[in-house]
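Novice: Mind having a look at this structure? Questions to follow.
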There are 2 protein chains.
Amino acid sequence: MYTRLLGRSPPSSRPAPQKNTVRFPAMARLVMKFGGTSVANIERIRIVARHVKREVEAGHQVAVVVSAMSGKTNELVAWCREAAMLHDAREYDSIVASGEQVTSGLLAIVLQDMGIPARSWLGWQLPISTDDAHGAARILDVNGEEIVARFGQGEVAVIAGFQGIHLPSGRLTTLGRGGSDTSAVAIAAGIKADRCDIYTDVDGVYTTDPRIVPKARRLEKVAFEEMLEMASLGAKVLQVRSVELAMVHKVRTFVRSSFTDPDAPELKTAGDPPGTLICDEEEIVESEVVTGIAFARDEAQVSIRHVPDQPGIAANVFVPLAEANINVDMIVQNISAEGFTDITFTVPTADFERAKASLAGVRDQIGFQSIEGATDVVKVSIIGIGMRSHAGVAARAFKALSERGINIRAISTSEIKISVLIDAAYTELAVRTLHSVYGLDA
Amino acid sequence: MYTRLLGRSPPSSRPAPQKNTVRFPAMARLVMKFGGTSVANIERIRIVARHVKREVEAGHQVAVVVSAMSGKTNELVAWCREAAMLHDAREYDSIVASGEQVTSGLLAIVLQDMGIPARSWLGWQLPISTDDAHGAARILDVNGEEIVARFGQGEVAVIAGFQGIHLPSGRLTTLGRGGSDTSAVAIAAGIKADRCDIYTDVDGVYTTDPRIVPKARRLEKVAFEEMLEMASLGAKVLQVRSVELAMVHKVRTFVRSSFTDPDAPELKTAGDPPGTLICDEEEIVESEVVTGIAFARDEAQVSIRHVPDQPGIAANVFVPLAEANINVDMIVQNISAEGFTDITFTVPTADFERAKASLAGVRDQIGFQSIEGATDVVKVSIIGIGMRSHAGVAARAFKALSERGINIRAISTSEIKISVLIDAAYTELAVRTLHSVYGLDA
């Protein structure tokens, strides 16, 4: 997997990091990605073209990745469902990939009309090769030779996002929802771009959701690992897979606003534009202990009471769930009392009923007393690469939540994050408290 | 051109023609073509699928060719124009080809849902290779190997019409408006189909437009040459290029209604379904002298008065028009009187002003006195392969028109047709008169 991409080292002609400035090179190779609302109609596509023009005029080599017009993918998906609830994923992919085919061509036309040499590229034309997991394909390789050759002639490449081709069968594939982010990062890796700019409806990554904590502030830089946790834990700025890919290939990914005036003076000066750079840890000189607070409301808690505590019991519980394709997240097993224990874990809310049914089916085999559960729970997470070298980070969180009277139902931790499961009613209070405790307030 | 196609002989295992019955083989290889209104939504696509199912259950091998949903191509074309009035035809093709991509996938899904093995094929996947005349490309070759191999496994091929690929550049092409008919015929030739069924909003080809002559009747069979004249002369049932292609490759093309109940008993019996077969002259045993009356309202007449009658004068008149890409149709040059002559010809109405301007520019060179013209004219044509062996066909027409007081402005003839240019006000009268004179009334 990623055979060609993996062999590559990150661009080396990068200035050494100083303080936390982003320091973009004066002339560079850029990938610019625009989502569905940015290409919703010709008027919006013209604004995208002006963003592209600005970068071309600054001397950059540019590949643009576009989504389908907002609403179009939903329309195509609805037709597939109307045609048959259970439909061939290969046909689905061929149908749904048509959305990006339209926008890539339209943007190329608009760019040409502005005097900028440009041509569209469909996934199969480069090609962007993927595996055959239709509807959720993984990119195996991006062949950027032709577009790089054309950069030399000043041509902008406009690439249909979200799509690829399974070369052995010659059939179109799509990467799944939000896949255009992944396309953009994979293309950036494939053409050794200096930066992958993700234009979106927010101007960067925030310490937490500003709708909940008005004092949330935009981060200048976030390490790949942190962003991966944030994306996994509920921050919706970037698709998880695109962050994974950026981390593996060290693609500097810059989240910025698509709603700014493309010709705003501050975007044309040598200074850094507003946004958040997702980058290698090494590029972040003064990292905070905690970078952000994330939360996810779509988790449900399942508890199995009075389970005989004997070897193999965890396997008996979790193998049936895995076989039912249910992702289990936080797992807590209390110490045994009189040969019995309780097991608590979380599953996506959408899988809650299925998980309970699946366990009820193996009740005799496992020999537990009862299944309990709750869907009115939320997982709040504290993320920061700095906590690797700082002790007491978790203790501060537990103390602060306890002082507010917030009960912790379960805890899970990794090297750079601490997650707690609490009652959903306390979401805002918990997030604000933690945001303040770790000094993230603006 | 047509390199691969040209080498093929027509299917030879055809029953000898008897009388004018169509005599379709009990088990055959069919191409079925459905236009935009037939695939306008999922409900309509289900009806198309039932037509396909009927043929599959009858034991036929089936390739289906579909257009885009009605209205979709117009929407895509409008976006291209909004993006830039003068736009790159290569981008236009990539954008517009997406319409058939959607319907081919949807029909494949619906067929699978009915239990019929099916898969969609895009032009580039077969491939259908074309030249690089983007927007109006010509098919060079259809590679039908893979779909023929899959016929053996009972799979229906659902092919996106109207599109192909220019192989040297790898870019998508489209065949121009109505190109799905041409796709269907080219595919039928490529896979050596026994018949190409064009499902349309009429149930066949009529002796003339039934809206003008209620006594017009459906023809059982029409020779390729006749159909070519009819299509060129205003009958809108089939696109001219598709008839040319059918004639060159001897593709038996059957025009039939898409509005009949797909499961109607008469379509399942061994007898011939209602429709018109466009076929080789040899298959038509009892041909009429005149097959049909066509008319075209979109012609304009241009006359140049008092032109010095000297060698090279025709070239001086018509070369500038050819250079301006204006198609000249009927040409009449009167005999010279006192060294001067008048030249009359017709051009498409859309080119009328351009034609006059073009001639005005070379007035000094040609030395004529004045340009006159009229757009309120109509060209009425009498078509019939039988007139090759019958004398006096034209004379009867002239006499009948004269008896009705209809003045003939110009005449042009070929081996199998006679066209007259008359005042537009007499259109209906002339068509009805000729229809009756040649015994075509039902």
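How things are named: the first chain in the structure tokens is A, the next is B, and so on; residues count from 1 in each chain; ligands count from 1 in the order shown.
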Residues of chain B within 9 Å of chain A, using only C-alpha atoms, as a PyMOL selection string?
Specialist: chain B and resi 41-43+45-46+76+79-80+82-88+90-99+101-110+112-113+119-120+122+125+170-171
Novice: Residues within 10 Å of B:Gln369, please, as a count of residues only. Count only C-alpha atoms; anything in the same chain fewer than 4 positions from it doesn't count.
Specialist: 8
Novice: Just the strand (DSSP E) stuff from stretch 28-219 of chain A, please, per backbone DSSP, written as JSON, numbers by chain.
Specialist: {"A": [29, 30, 31, 32, 33, 34, 61, 62, 63, 64, 65, 66, 118, 119, 120, 121, 128, 129, 130, 139, 140, 141, 142, 156, 157, 158, 159, 160, 163, 164, 165, 166, 171, 172, 173, 174, 195, 196, 197, 198, 199, 200]}
Novice: Just checking: using only C-alpha atoms, which residue out of B:Gly292, B:Pro265, B:Pro274, B:Gly339 ends up closest to B:Gln310?
Specialist: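 Nearest candidate to B:Gln310 out of B:Gly292, B:Pro265, B:Pro274, B:Gly339: B:Gly339.
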Novice: Could you name the residues that touch A:Asp263 at 10 Å or less, counting only C-alpha atoms, but leaving out those on the same chain fewer than 3 positions away, as a PDB file with C-alpha atoms, in the first residue's frame?
Specialist:
```pdb
ATOM      1  CA  ILE A  47     -14.145  32.948  -6.641  1.00  0.00           C
ATOM      2  CA  ARG A  50      -9.457  33.941  -8.248  1.00  0.00           C
ATOM      3  CA  HIS A  51      -7.840  32.143  -5.281  1.00  0.00           C
ATOM      4  CA  LYS A  53      -4.990  32.980  -9.875  1.00  0.00           C
ATOM      5  CA  ARG A  54      -3.530  34.714  -6.822  1.00  0.00           C
ATOM      6  CA  THR A 260     -12.039  35.420   2.455  1.00  0.00           C
ATOM      7  CA  GLU A 266      -3.020  40.297   3.365  1.00  0.00           C
ATOM      8  CA  LEU A 267      -3.147  37.191   1.177  1.00  0.00           C
ATOM      9  CA  LYS A 268      -0.758  38.745  -1.309  1.00  0.00           C
TER      10      LYS A 268
END
```
Novice: Name all residues at most 6 Å from A:Ile128 (count only C-alpha atoms; drop same-chain ones fewer than 3 positions away) and give them as a ChimeraX atom specification.
Specialist: /A:123,141-142,164
Novice: Given the selection you just returned, output its residues as a file containing N, CA, C and O atoms, formatted as a compact mmCIF listing (two decimals), in the first residue's frame.
Specialist:
```
# COMPACT_ATOMS: atom_id res chain seq x y z
N GLY A 123 -9.84 11.06 -12.06
CA GLY A 123 -9.01 10.12 -11.29
C GLY A 123 -8.33 9.09 -12.17
O GLY A 123 -7.15 8.78 -11.99
N ASP A 141 -1.73 4.67 -5.16
CA ASP A 141 -0.67 5.40 -5.85
C ASP A 141 -1.25 6.58 -6.61
O ASP A 141 -2.36 6.49 -7.15
N VAL A 142 -0.50 7.66 -6.64
CA VAL A 142 -0.88 8.81 -7.47
C VAL A 142 0.23 9.03 -8.48
O VAL A 142 1.39 9.22 -8.09
N GLY A 164 -11.00 7.60 -7.95
CA GLY A 164 -9.81 6.95 -8.48
C GLY A 164 -10.23 5.83 -9.40
O GLY A 164 -11.38 5.78 -9.85
```
Novice: Which polymer residues have any atom within 8 Å of an atom of B:Gly36, counting only C-alpha atoms, with same-chain residues fewer than 5 positions away left out, as a PDB file with N, CA and C atoms, in the first residue's frame?
Specialist:
```
ATOM      1  N   VAL B  66     -27.730   4.157 -23.621  1.00  0.00           N
ATOM      2  CA  VAL B  66     -28.616   5.164 -23.029  1.00  0.00           C
ATOM      3  C   VAL B  66     -28.079   6.583 -23.224  1.00  0.00           C
ATOM      4  N   SER B  67     -29.020   7.512 -23.308  1.00  0.00           N
ATOM      5  CA  SER B  67     -28.705   8.937 -23.294  1.00  0.00           C
ATOM      6  C   SER B  67     -28.694   9.413 -21.852  1.00  0.00           C
ATOM      7  N   ALA B  68     -28.430  10.716 -21.655  1.00  0.00           N
ATOM      8  CA  ALA B  68     -28.544  11.326 -20.329  1.00  0.00           C
ATOM      9  C   ALA B  68     -30.017  11.572 -20.028  1.00  0.00           C
ATOM     10  N   MET B  69     -30.352  11.707 -18.740  1.00  0.00           N
ATOM     11  CA  MET B  69     -31.720  12.072 -18.361  1.00  0.00           C
ATOM     12  C   MET B  69     -32.108  13.334 -19.124  1.00  0.00           C
ATOM     13  N   SER B  70     -33.350  13.398 -19.619  1.00  0.00           N
ATOM     14  CA  SER B  70     -33.729  14.574 -20.412  1.00  0.00           C
ATOM     15  C   SER B  70     -33.563  15.832 -19.572  1.00  0.00           C
ATOM     16  N   GLY B  71     -33.004  16.846 -20.154  1.00  0.00           N
ATOM     17  CA  GLY B  71     -32.756  18.104 -19.444  1.00  0.00           C
ATOM     18  C   GLY B  71     -31.354  18.203 -18.872  1.00  0.00           C
TER      19      GLY B  71
END
```
Novice: Could you give me the residues within stretch 60-302 of chain B that DSSP places in helix (DSSP H, G or I), as a count of residues only?
Specialist: 81
Novice: Write out as a compact mmCIF listing (two decimals) with C-alpha atoms, in the first residue's frame each polymer residue whose atoms come within 12 Å of B:Asn334, counting only C-alpha atoms; drop sequence neighbours fewer than 2 positions from it.
Specialist:
```txt
# COMPACT_ATOMS: atom_id res chain seq x y z
CA SER B 303 -30.30 34.81 -55.50
CA ILE B 304 -27.55 36.79 -57.18
CA ARG B 305 -28.78 38.81 -60.12
CA HIS B 306 -27.02 39.79 -63.32
CA VAL B 307 -23.77 37.92 -62.87
CA ASP B 309 -21.40 34.60 -67.29
CA ILE B 331 -28.11 25.44 -56.75
CA VAL B 332 -29.83 26.72 -59.90
CA SER B 336 -27.10 33.02 -70.03
CA ALA B 337 -28.83 35.99 -71.63
CA GLY B 339 -23.60 37.44 -71.29
CA PHE B 340 -25.28 37.63 -67.87
CA THR B 341 -26.95 35.01 -65.68
CA ASP B 342 -28.77 34.64 -62.33
CA ILE B 343 -27.62 32.16 -59.66
CA THR B 344 -30.02 30.88 -56.99
CA PHE B 345 -29.16 28.56 -54.11
CA ARG B 409 -38.54 28.45 -57.06
CA ALA B 410 -35.80 25.84 -57.48
CA ILE B 411 -35.41 22.13 -58.12
```
Novice: Got a sec: who's within 7 Å of A:Pro117, counting only C-alpha atoms, leaving out chain neighbours fewer than 2 positions off, as a list in words?
Specialist: Gln112, Gly115, Gly154, Glu155 and Val156 of chain A
Novice: Now that the selection is made, can you save its residues with all heavy atoms as a compact mmCIF listing (two decimals), in the first residue's frame?
Specialist:
```txt
# COMPACT_ATOMS: atom_id res chain seq x y z
N GLN A 112 -9.20 29.10 -17.65
CA GLN A 112 -8.76 29.44 -19.01
C GLN A 112 -9.31 30.81 -19.41
O GLN A 112 -8.60 31.62 -20.01
CB GLN A 112 -9.23 28.39 -20.00
CG GLN A 112 -8.53 27.04 -19.88
CD GLN A 112 -9.11 26.00 -20.82
OE1 GLN A 112 -10.03 26.29 -21.59
NE2 GLN A 112 -8.58 24.79 -20.77
N GLY A 115 -7.38 33.58 -18.43
CA GLY A 115 -6.05 33.64 -19.01
C GLY A 115 -5.04 32.72 -18.36
O GLY A 115 -3.83 32.85 -18.58
N GLY A 154 3.65 26.05 -17.10
CA GLY A 154 2.75 27.02 -16.47
C GLY A 154 1.30 26.58 -16.41
O GLY A 154 0.41 27.40 -16.19
N GLU A 155 1.04 25.28 -16.59
CA GLU A 155 -0.35 24.82 -16.58
C GLU A 155 -0.81 24.42 -15.18
O GLU A 155 -0.10 23.76 -14.44
CB GLU A 155 -0.50 23.62 -17.53
CG GLU A 155 -1.94 23.20 -17.76
CD GLU A 155 -2.08 22.10 -18.80
OE1 GLU A 155 -2.01 22.41 -20.00
OE2 GLU A 155 -2.24 20.92 -18.41
N VAL A 156 -2.02 24.85 -14.85
CA VAL A 156 -2.64 24.46 -13.58
C VAL A 156 -3.38 23.14 -13.81
O VAL A 156 -4.08 22.99 -14.81
CB VAL A 156 -3.63 25.55 -13.10
CG1 VAL A 156 -4.47 25.05 -11.93
CG2 VAL A 156 -2.88 26.82 -12.71
```
Novice: Which is closest to A:Asp441 among A:Thr253, A:Gln239, A:Thr208, A:Ser287, if we use only C-alpha atoms?
Specialist: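 Between A:Thr253, A:Gln239, A:Thr208, A:Ser287, the residue approaching A:Asp441 most closely is A:Thr208.
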